[in-house]
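J.: So here's query_1.txt, just compact mmCIF, C-alpha atoms and all ligand atoms:
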# COMPACT_ATOMS: atom_id res chain seq x y z
CA MET B 8 -23.96 -64.47 -107.96
CA ARG B 9 -24.52 -63.62 -104.34
CA SER B 10 -26.38 -65.97 -102.06
CA ALA B 11 -29.85 -65.04 -100.85
CA PRO B 12 -28.78 -64.60 -97.20
CA PHE B 13 -26.08 -62.17 -98.33
CA ARG B 14 -28.68 -60.13 -100.27
CA LEU B 15 -30.84 -59.95 -97.15
CA PHE B 16 -27.84 -58.80 -95.16
CA GLU B 17 -27.21 -56.06 -97.72
CA LEU B 18 -30.82 -54.92 -97.57
CA ALA B 19 -30.69 -54.83 -93.79
CA LEU B 20 -27.55 -52.70 -93.95
CA ASP B 21 -29.24 -50.33 -96.37
CA GLU B 22 -32.15 -50.01 -93.99
CA LEU B 23 -29.87 -49.34 -91.03
CA SER B 24 -27.53 -46.89 -92.73
CA VAL B 25 -27.74 -43.46 -91.18
CA GLY B 26 -26.30 -40.23 -92.55
CA ASP B 27 -24.15 -37.76 -90.70
CA ASP B 28 -26.95 -35.38 -89.80
CA GLY B 29 -30.53 -34.39 -90.56
CA PRO B 30 -33.73 -35.34 -88.79
CA VAL B 31 -34.43 -38.96 -88.14
CA SER B 32 -35.95 -40.71 -91.10
CA ASN B 33 -39.53 -41.78 -90.58
CA THR B 34 -38.71 -45.27 -91.81
CA SER B 35 -40.77 -47.55 -89.68
CA SER B 36 -39.55 -51.09 -89.22
CA GLY B 37 -39.98 -53.06 -92.41
CA ALA B 38 -42.05 -50.43 -94.22
CA ARG B 39 -40.78 -48.35 -97.12
CA PRO B 40 -40.03 -44.77 -96.10
CA ILE B 41 -42.59 -42.17 -97.13
CA GLU B 42 -40.12 -39.32 -96.86
CA HIS B 43 -36.35 -39.45 -97.11
CA ARG B 44 -34.18 -37.12 -95.07
CA THR B 45 -32.96 -33.88 -96.64
CA PRO B 46 -29.47 -33.90 -98.19
CA THR B 47 -26.46 -33.42 -95.91
CA GLU B 48 -24.71 -30.05 -95.56
CA GLY B 49 -21.70 -31.57 -97.28
CA THR B 50 -23.81 -32.51 -100.31
CA ILE B 51 -25.24 -28.99 -100.51
CA LYS B 52 -21.77 -27.44 -100.40
CA GLN B 53 -20.72 -29.88 -103.10
CA LEU B 54 -23.70 -28.95 -105.31
CA TYR B 55 -23.09 -25.21 -105.05
CA GLY B 56 -19.36 -25.79 -105.43
CA THR B 57 -19.86 -27.41 -108.83
CA ALA B 58 -22.50 -25.18 -110.45
CA TRP B 59 -22.71 -21.54 -111.41
CA ARG B 60 -26.19 -21.00 -112.79
CA CYS B 61 -29.64 -22.63 -112.94
CA GLY B 62 -29.53 -26.16 -114.35
CA GLU B 63 -32.22 -25.45 -116.95
CA PRO B 64 -30.02 -25.32 -120.07
CA THR B 65 -31.41 -22.04 -121.46
CA CYS B 66 -31.75 -20.25 -118.11
CA LYS B 67 -29.05 -17.69 -117.44
CA LYS B 68 -29.90 -17.03 -113.78
CA PRO B 69 -26.91 -17.46 -111.43
CA LEU B 70 -27.50 -19.41 -108.21
CA TYR B 71 -26.86 -16.18 -106.28
CA ARG B 72 -27.73 -12.76 -107.62
CA LEU B 73 -25.98 -9.51 -106.84
CA ASN B 74 -28.03 -6.83 -105.13
CA GLY B 75 -27.18 -3.73 -107.20
CA ASP B 76 -27.64 -1.36 -104.24
CA THR B 77 -25.88 -3.17 -101.44
CA GLY B 78 -23.44 -5.31 -103.37
CA GLU B 79 -24.64 -8.33 -101.41
CA TYR B 80 -25.22 -11.71 -102.94
CA ILE B 81 -28.76 -13.00 -102.46
CA LEU B 82 -29.78 -16.63 -102.75
CA ASN B 83 -31.50 -16.98 -106.10
CA SER B 84 -31.96 -20.73 -106.30
CA ARG B 85 -33.01 -23.92 -104.60
CA ILE B 86 -32.03 -27.52 -104.70
CA ALA B 87 -34.51 -29.65 -106.58
CA HIS B 88 -34.88 -33.39 -106.41
CA ILE B 89 -34.76 -35.34 -109.66
CA HIS B 90 -36.65 -38.14 -107.90
CA ALA B 91 -38.86 -36.66 -105.15
CA ARG B 92 -37.96 -36.93 -101.49
CA SER B 93 -41.54 -37.75 -100.44
CA LYS B 94 -43.73 -40.60 -101.53
CA GLY B 95 -46.09 -39.57 -104.33
CA GLY B 96 -43.99 -36.47 -105.11
CA PRO B 97 -42.74 -35.61 -108.59
CA ARG B 98 -40.84 -38.49 -110.24
CA TRP B 99 -40.93 -40.45 -106.96
CA ASP B 100 -39.00 -43.70 -107.28
CA PRO B 101 -40.22 -46.27 -104.74
CA ASN B 102 -37.17 -48.44 -105.33
CA MET B 103 -34.62 -45.74 -104.60
CA SER B 104 -32.63 -46.03 -101.39
CA GLU B 105 -32.45 -43.06 -99.06
CA ALA B 106 -28.70 -42.78 -99.65
CA ALA B 107 -29.28 -42.48 -103.42
CA ASN B 108 -32.19 -40.09 -102.91
CA ARG B 109 -30.17 -37.56 -100.92
CA ALA B 110 -26.99 -37.96 -102.97
CA ALA B 111 -25.72 -35.17 -105.24
CA SER B 112 -26.51 -37.30 -108.28
CA ASN B 113 -30.25 -37.01 -107.49
CA LEU B 114 -30.12 -33.26 -106.80
CA ILE B 115 -29.82 -30.25 -109.04
CA PRO B 116 -29.58 -26.55 -108.16
CA LEU B 117 -32.20 -24.57 -110.11
CA CYS B 118 -33.49 -21.01 -110.04
CA ASP B 119 -36.71 -20.61 -108.02
CA THR B 120 -38.88 -20.50 -111.13
CA HIS B 121 -37.51 -23.66 -112.65
CA ALA B 122 -37.42 -25.52 -109.32
CA TRP B 123 -41.11 -24.70 -108.99
CA GLU B 124 -41.94 -25.57 -112.59
CA ILE B 125 -40.37 -29.04 -112.70
CA ASP B 126 -42.38 -30.07 -109.65
CA GLN B 127 -45.66 -28.43 -110.69
CA THR B 128 -45.72 -30.07 -114.12
CA PRO B 129 -43.54 -33.16 -113.65
CA GLU B 130 -45.08 -34.75 -116.76
CA HIS B 131 -43.04 -32.29 -118.83
CA PHE B 132 -39.82 -32.92 -116.94
CA THR B 133 -38.77 -36.54 -116.87
CA ALA B 134 -35.94 -37.86 -114.70
CA ASP B 135 -33.92 -38.54 -117.88
CA MET B 136 -34.30 -34.93 -118.93
CA LEU B 137 -33.20 -33.64 -115.53
CA HIS B 138 -30.20 -36.00 -115.52
CA THR B 139 -29.18 -34.45 -118.84
CA TRP B 140 -29.56 -30.95 -117.38
CA LYS B 141 -27.38 -31.99 -114.49
CA LYS B 142 -24.67 -33.39 -116.75
CA GLU B 143 -24.62 -30.13 -118.72
CA GLN B 144 -24.50 -28.07 -115.54
CA LEU B 145 -21.45 -30.01 -114.32
CA ALA B 146 -19.78 -29.84 -117.74
CA GLU B 147 -20.26 -26.09 -117.77
CA PHE B 148 -18.72 -25.80 -114.33
CA GLN B 149 -15.68 -27.72 -115.54
CA THR B 150 -15.27 -25.35 -118.48
CA LEU B 151 -15.94 -22.11 -116.59
CA GLN B 152 -14.50 -23.10 -113.23
CA ARG B 153 -17.04 -20.79 -111.60
CA SER B 154 -19.20 -21.86 -108.69
CA TRP B 155 -20.33 -20.78 -105.23
CA THR B 156 -18.50 -21.50 -101.99
CA LEU B 157 -21.06 -21.62 -99.23
CA THR B 158 -20.60 -20.91 -95.54
CA ASP B 159 -22.53 -22.99 -93.00
CA THR B 160 -25.05 -20.15 -92.61
CA GLU B 161 -25.58 -20.06 -96.35
CA VAL B 162 -26.07 -23.82 -96.41
CA ALA B 163 -28.79 -23.36 -93.79
CA ASP B 164 -30.40 -20.74 -96.06
CA VAL B 165 -30.39 -23.17 -98.97
CA ILE B 166 -31.94 -25.91 -96.83
CA GLY B 167 -34.59 -23.46 -95.64
CA ALA B 168 -35.39 -22.34 -99.17
CA SER B 169 -35.33 -25.83 -100.64
CA PHE B 170 -36.87 -28.20 -98.16
CA THR B 171 -38.73 -26.49 -95.31
CA ASP B 172 -41.90 -26.05 -97.30
CA GLN B 173 -41.61 -29.29 -99.15
CA LEU B 174 -44.41 -31.00 -97.26
CA LYS B 175 -46.67 -27.99 -97.73
CA GLU B 176 -45.81 -27.94 -101.42
CA THR B 177 -46.44 -31.65 -101.75
CA ILE B 178 -49.88 -31.17 -100.24
CA LEU B 179 -50.56 -28.12 -102.39
CA SER B 180 -49.43 -29.89 -105.53
CA GLY B 181 -51.73 -32.79 -104.61
CA ILE B 182 -54.65 -30.38 -104.31
CA TYR B 183 -53.59 -28.69 -107.53
CA ALA B 184 -53.42 -32.03 -109.34
CA ALA B 185 -56.84 -33.06 -107.99
CA ALA B 186 -58.40 -29.76 -109.11
CA GLU B 187 -56.74 -30.12 -112.49
CA SER B 188 -58.11 -33.61 -112.88
CA ILE B 189 -61.63 -32.44 -111.99
CA ARG B 190 -61.30 -29.62 -114.53
CA ASN B 191 -60.19 -32.10 -117.18
CA GLU B 192 -63.08 -34.40 -116.36
CA GLU B 193 -65.53 -31.51 -116.66
CA ARG B 194 -63.96 -30.44 -119.92
CA ARG B 195 -64.27 -33.94 -121.38
CA GLN B 196 -67.86 -34.17 -120.17
CA ARG B 197 -68.67 -30.79 -121.74
CA GLN B 198 -67.12 -31.78 -125.06
CA ARG B 199 -68.94 -35.11 -125.08
CA LEU B 200 -72.23 -33.24 -124.65
CA LEU B 201 -71.33 -30.74 -127.37
CA ILE B 202 -70.62 -33.59 -129.78
CA ALA B 203 -73.75 -35.53 -128.79
CA ASP B 204 -75.91 -32.42 -129.38
CA MET B 205 -74.16 -31.81 -132.67
CA VAL B 206 -74.71 -35.35 -133.91
CA TYR B 207 -78.37 -35.21 -132.91
CA ALA B 208 -78.79 -31.85 -134.65
CA ALA B 209 -77.06 -33.12 -137.80
CA ASN B 210 -79.30 -36.19 -137.93
CA SER B 211 -82.45 -34.11 -137.52
CA TRP B 212 -81.20 -31.69 -140.16
CA VAL B 213 -80.54 -34.54 -142.60
CA ASP B 214 -83.92 -36.13 -141.92
CA ALA B 215 -85.72 -32.84 -142.52
CA LEU B 216 -83.83 -32.20 -145.75
CA GLN B 217 -84.60 -35.70 -146.94
CA ILE B 218 -88.31 -35.10 -146.40
CA ILE B 219 -88.12 -31.80 -148.26
CA ALA B 220 -86.29 -33.43 -151.15
CA ILE B 221 -89.04 -36.02 -151.41
CA SER B 222 -91.96 -33.58 -151.04
CA SER B 223 -90.46 -30.99 -153.35
CA ALA B 224 -90.24 -33.67 -156.01
CA GLY B 225 -93.70 -35.06 -155.41
CA HIS B 226 -95.50 -31.75 -155.16
CA ARG B 227 -93.42 -29.83 -157.68
CA TRP B 228 -92.56 -27.10 -155.21
CA LYS B 229 -91.84 -23.62 -156.48
CA ALA B 230 -89.43 -21.07 -154.99
CA SER B 231 -92.36 -19.38 -153.24
CA ASP B 232 -93.22 -22.68 -151.54
CA MET B 233 -89.69 -22.91 -150.22
CA ILE B 234 -89.83 -19.36 -148.84
CA GLU B 235 -93.07 -20.26 -147.12
CA TRP B 236 -91.61 -23.49 -145.77
CA VAL B 237 -88.62 -21.69 -144.22
CA ASN B 238 -91.09 -19.97 -141.87
CA THR B 239 -92.76 -23.16 -140.73
CA ASP B 240 -91.85 -24.94 -137.50
CA SER B 241 -89.81 -27.54 -139.35
CA GLY B 242 -88.08 -24.81 -141.35
CA ARG B 243 -87.14 -23.00 -138.16
CA ALA B 244 -86.07 -26.27 -136.50
CA MET B 245 -83.78 -26.97 -139.41
CA ALA B 246 -82.16 -23.56 -139.15
CA GLN B 247 -81.72 -24.05 -135.42
CA ASN B 248 -80.07 -27.42 -135.94
CA MET B 249 -77.60 -25.88 -138.37
CA GLU B 250 -76.93 -23.18 -135.79
CA ILE B 251 -76.22 -25.83 -133.12
CA ILE B 252 -73.78 -27.60 -135.43
CA LYS B 253 -71.87 -24.38 -136.10
CA LYS B 254 -71.91 -23.15 -132.52
CA ASN B 255 -70.85 -26.46 -130.97
CA ALA B 256 -68.10 -26.93 -133.56
CA ARG B 257 -66.73 -23.52 -132.61
CA LYS B 258 -66.77 -24.40 -128.91
CA ILE B 259 -65.05 -27.73 -129.47
CA ARG B 260 -62.37 -26.09 -131.61
CA PHE B 261 -61.74 -23.66 -128.81
CA GLU B 262 -61.33 -26.40 -126.22
CA THR B 263 -59.45 -29.23 -127.86
CA ARG B 264 -56.06 -29.66 -129.47
CA ASP B 265 -56.65 -33.30 -130.27
CA VAL B 266 -55.64 -33.77 -133.90
CA ASP B 267 -57.98 -36.70 -134.59
CA LEU B 268 -60.99 -34.95 -133.11
CA LEU B 269 -60.26 -31.74 -135.02
CA ALA B 270 -59.85 -33.67 -138.28
CA ALA B 271 -63.18 -35.46 -137.75
CA LEU B 272 -64.80 -32.11 -137.00
CA ASP B 273 -63.40 -30.66 -140.25
CA VAL B 274 -64.78 -33.55 -142.28
CA ALA B 275 -68.21 -33.28 -140.62
CA GLN B 276 -68.47 -29.53 -141.11
CA THR B 277 -67.31 -29.72 -144.71
CA ALA B 278 -69.90 -32.40 -145.44
CA VAL B 279 -72.78 -30.52 -143.87
CA SER B 280 -71.94 -27.24 -145.61
CA ASN B 281 -71.61 -28.84 -149.05
CA SER B 282 -73.99 -26.77 -151.15
CA ALA B 283 -74.46 -29.66 -153.58
CA ILE B 284 -76.72 -31.18 -150.93
CA PHE B 285 -79.33 -28.49 -150.53
CA GLU B 286 -79.08 -26.22 -153.55
CA PRO B 287 -80.95 -28.61 -155.88
CA VAL B 288 -83.70 -28.80 -153.26
CA TRP B 289 -83.89 -25.04 -153.00
CA ASN B 290 -83.85 -24.41 -156.76
CA GLY B 291 -86.34 -27.11 -157.58
CA SER B 292 -84.07 -29.36 -159.67
CA ALA B 293 -84.48 -32.15 -157.09
CA ARG B 294 -87.51 -33.21 -159.08
CA ASP B 295 -85.55 -35.51 -161.34
CA ALA B 296 -84.64 -38.89 -159.88
CA GLU B 297 -80.93 -38.66 -160.66
CA THR B 298 -80.45 -35.38 -158.77
CA ARG B 299 -82.39 -36.85 -155.86
CA MET B 300 -80.05 -39.84 -155.78
CA VAL B 301 -77.07 -37.48 -155.56
CA ILE B 302 -78.77 -35.63 -152.70
CA TYR B 303 -79.51 -38.86 -150.82
CA ARG B 304 -75.93 -40.00 -151.23
CA HIS B 305 -74.73 -36.69 -149.80
CA LEU B 306 -77.18 -36.91 -146.93
CA ASN B 307 -76.06 -40.44 -146.05
CA HIS B 308 -72.48 -39.24 -146.18
CA VAL B 309 -73.32 -36.44 -143.74
CA LYS B 310 -74.89 -38.92 -141.31
CA ARG B 311 -71.90 -41.21 -141.60
CA VAL B 312 -69.24 -38.55 -140.94
CA PHE B 313 -71.15 -37.29 -137.89
CA LEU B 314 -71.27 -40.85 -136.57
CA ASP B 315 -67.50 -41.03 -137.17
CA LEU B 316 -67.14 -37.79 -135.24
CA GLU B 317 -69.13 -39.26 -132.36
CA GLU B 318 -67.02 -42.42 -132.36
CA ILE B 319 -63.75 -40.50 -132.34
CA GLY B 320 -65.15 -38.22 -129.64
CA ILE B 321 -65.96 -41.22 -127.46
CA LYS B 322 -62.44 -42.55 -127.92
CA VAL B 323 -60.62 -39.26 -127.40
CA LEU B 324 -62.79 -37.99 -124.55
CA ALA B 325 -63.02 -41.22 -122.59
CA ASP B 326 -62.05 -40.89 -118.93
CA PRO B 327 -58.44 -41.93 -118.55
CA PRO B 328 -57.80 -45.12 -116.61
CA THR B 329 -57.19 -44.27 -112.96
CA ASN B 330 -53.47 -43.93 -112.35
CA GLY B 331 -51.81 -46.92 -110.78
CA ALA B 332 -50.73 -44.65 -107.94
CA PRO B 333 -49.43 -46.55 -104.95
ZN ZN Q 1 -33.87 -21.21 -114.21
Let me see the file written as structure tokens.
Ligand SMILES: [Zn+2]
T.:
Amino acid sequence: MRSAPFRLFELALDELSVGDDGPVSNTSSGARPIEHRTPTEGTIKQLYGTAWRCGEPTCKKPLYRLNGDTGEYILNSRIAHIHARSKGGPRWDPNMSEAANRAASNLIPLCDTHAWEIDQTPEHFTADMLHTWKKEQLAEFQTLQRSWTLTDTEVADVIGASFTDQLKETILSGIYAAAESIRNEERRQRQRLLIADMVYAANSWVDALQIIAISSAGHRWKASDMIEWVNTDSGRAMAQNMEIIKKNARKIRFETRDVDLLAALDVAQTAVSNSAIFEPVWNGSARDAETRMVIYRHLNHVKRVFLDLEEIGIKVLADPPTNGAP
């Protein structure tokens, strides 16, 4: 166990430690840095000296590619951070020291596409995953013994390609993330409305059918009465409600991949299209009390499964809690 004063001394040393080059860190006294310095030239030479191709395990792109016409090697890669260099960047670790942030263990050479991808959709690329990539990349180097020996000019190229636009990219990715979150919010809002309209339509449809079942029994409707009824306002309203249910279900299916919501939608659509509900009404057999009971049970079931759909929709399409971003 180290004494508290010793720990403070260690922290102070950490804060004071300066690398061998690179721009001055914008660590202000006492505050956590918002952007660590770029890796040293030595670290970059080390990284390219221990890797041959992109660190994404299935990607075959070498870190430099050969120009078929000139025979020159062209930089085909960048250095990506496992934990971002700037506050709020992909996989940013607020507790990481600057020394650890710019060390080879936090950096991985990737082809341009993969370097871009892991930072654009960091939710799909966890730090653990990238550490595994890195381990595999190093293991492959040890087997192949192939890597790239960089001159100082080439190191400058790598720095230019990897870090010069980092701030711009951080800003852009922030804008991208904000736009994405607005799109998601709009999508959830749209789906909530589609479900609400659907539930309302289903309830109206059930109510109308219930009334028909009762009147057809009471007045001993014939087929010709039904044909006439279809052309009344309530007949048309019923057809429209069924249309809304079908149309909105189609739209929701197109927009969501949520398994629970899709399952609830299946149940609701199956219930509402069950011919056992309306056929007896149409063919006049709803006159006997037993058949009517079966119809009412079906109708109640329809109402219930649409309420379930609404409940699941509310749960699935709720706005996510705001991220505990620092
Ligand atoms: Zn790649």
J.: Which neighbours of stretch 192-205 of chain B fall inside 8 Å, counting all atoms listed in the file, when residues of the same chain fewer than 5 positions from it are skipped, and could you give them as a PyMOL selection string?
T.: chain B and resi 251-252+255-256+258-259+262+316-317+320-321+324-326
J.: Give the residues close to ligand ZN 1 (chain Q), within 7 Å, counting all atoms listed in the file; write them as a list in words.
T.: Cys61, Gly62, Glu63, Cys66, Lys67, Lys68, Leu117, Cys118, Asp119, Thr120 and His121 of chain B
J.: Looking at B:Trp155, B:Tyr80, B:Phe313, B:Trp212, which one is nearest to B:Arg60, with distances taken over only C-alpha atoms?
T.: B:Trp155
J.: In Å, with one decimal, what is the gap from atom CA of B:Ile41 to atom CA of B:Ser93?
T.: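 Computed distance, atom CA of B:Ile41 to atom CA of B:Ser93, equals 5.6 Å.
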J.: Of the residues B:Leu145, B:Ala110, B:Ile221, B:Ala244, which is the one nearest to B:Ile89, using all atoms listed in the file?
T.: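 Between B:Leu145, B:Ala110, B:Ile221, B:Ala244, the residue approaching B:Ile89 most closely is B:Ala110.
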J.: Given the choices B:Asp265, B:Asp100, B:Asp76, B:Asp232, which gets closest to B:Ile219 if the distance is worked out from all atoms listed in the file?
T.: B:Asp232
J.: State, in Å with one decimal place, the distance from atom CA of B:Arg299 to atom CA of B:Ile218.
T.: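 Value for the atom CA of B:Arg299-atom CA of B:Ile218 distance: 11.3 Å.
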J.: For a test of reading the model, state the distance in Å between atom CA of B:Tyr71 and atom CA of B:Asp135, rounded to one decimal.
T.: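 Taking atom CA of B:Tyr71 as the start and atom CA of B:Asp135 as the end point, the length is 26.2 Å.
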J.: The centre and edge lengths of an axis-aligned box containing all atoms of stretch 39-49 of chain B present in the file, extended by 4 Å on each side, are to be given in Å to one decimal, as lines of an AutoDock Vina configuration file.
T.:
center_x = -32.1
center_y = -39.2
center_z = -96.6
size_x = 28.9
size_y = 26.3
size_z = 11.1
J.: Looking at only C-alpha atoms, which of B:Ser104, B:Thr47, B:Asn83, B:Thr158 is the one that sits closest to B:Trp59?
T.: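 Among the listed residues, the smallest separation from B:Trp59 belongs to B:Asn83.
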J.: Between B:Ser112, B:Thr160, B:Gln217, B:Ser84, which residue has the minimum interatomic distance to B:Leu137, considering only C-alpha atoms?
T.: B:Ser112
J.: Could you give me, as a ChimeraX atom specification, the residues within 12 Å of B:His305, counting all atoms listed in the file and dropping anything in the same chain fewer than 2 positions from it?
T.: /B:213,216-217,275,277-287,298-303,307-312
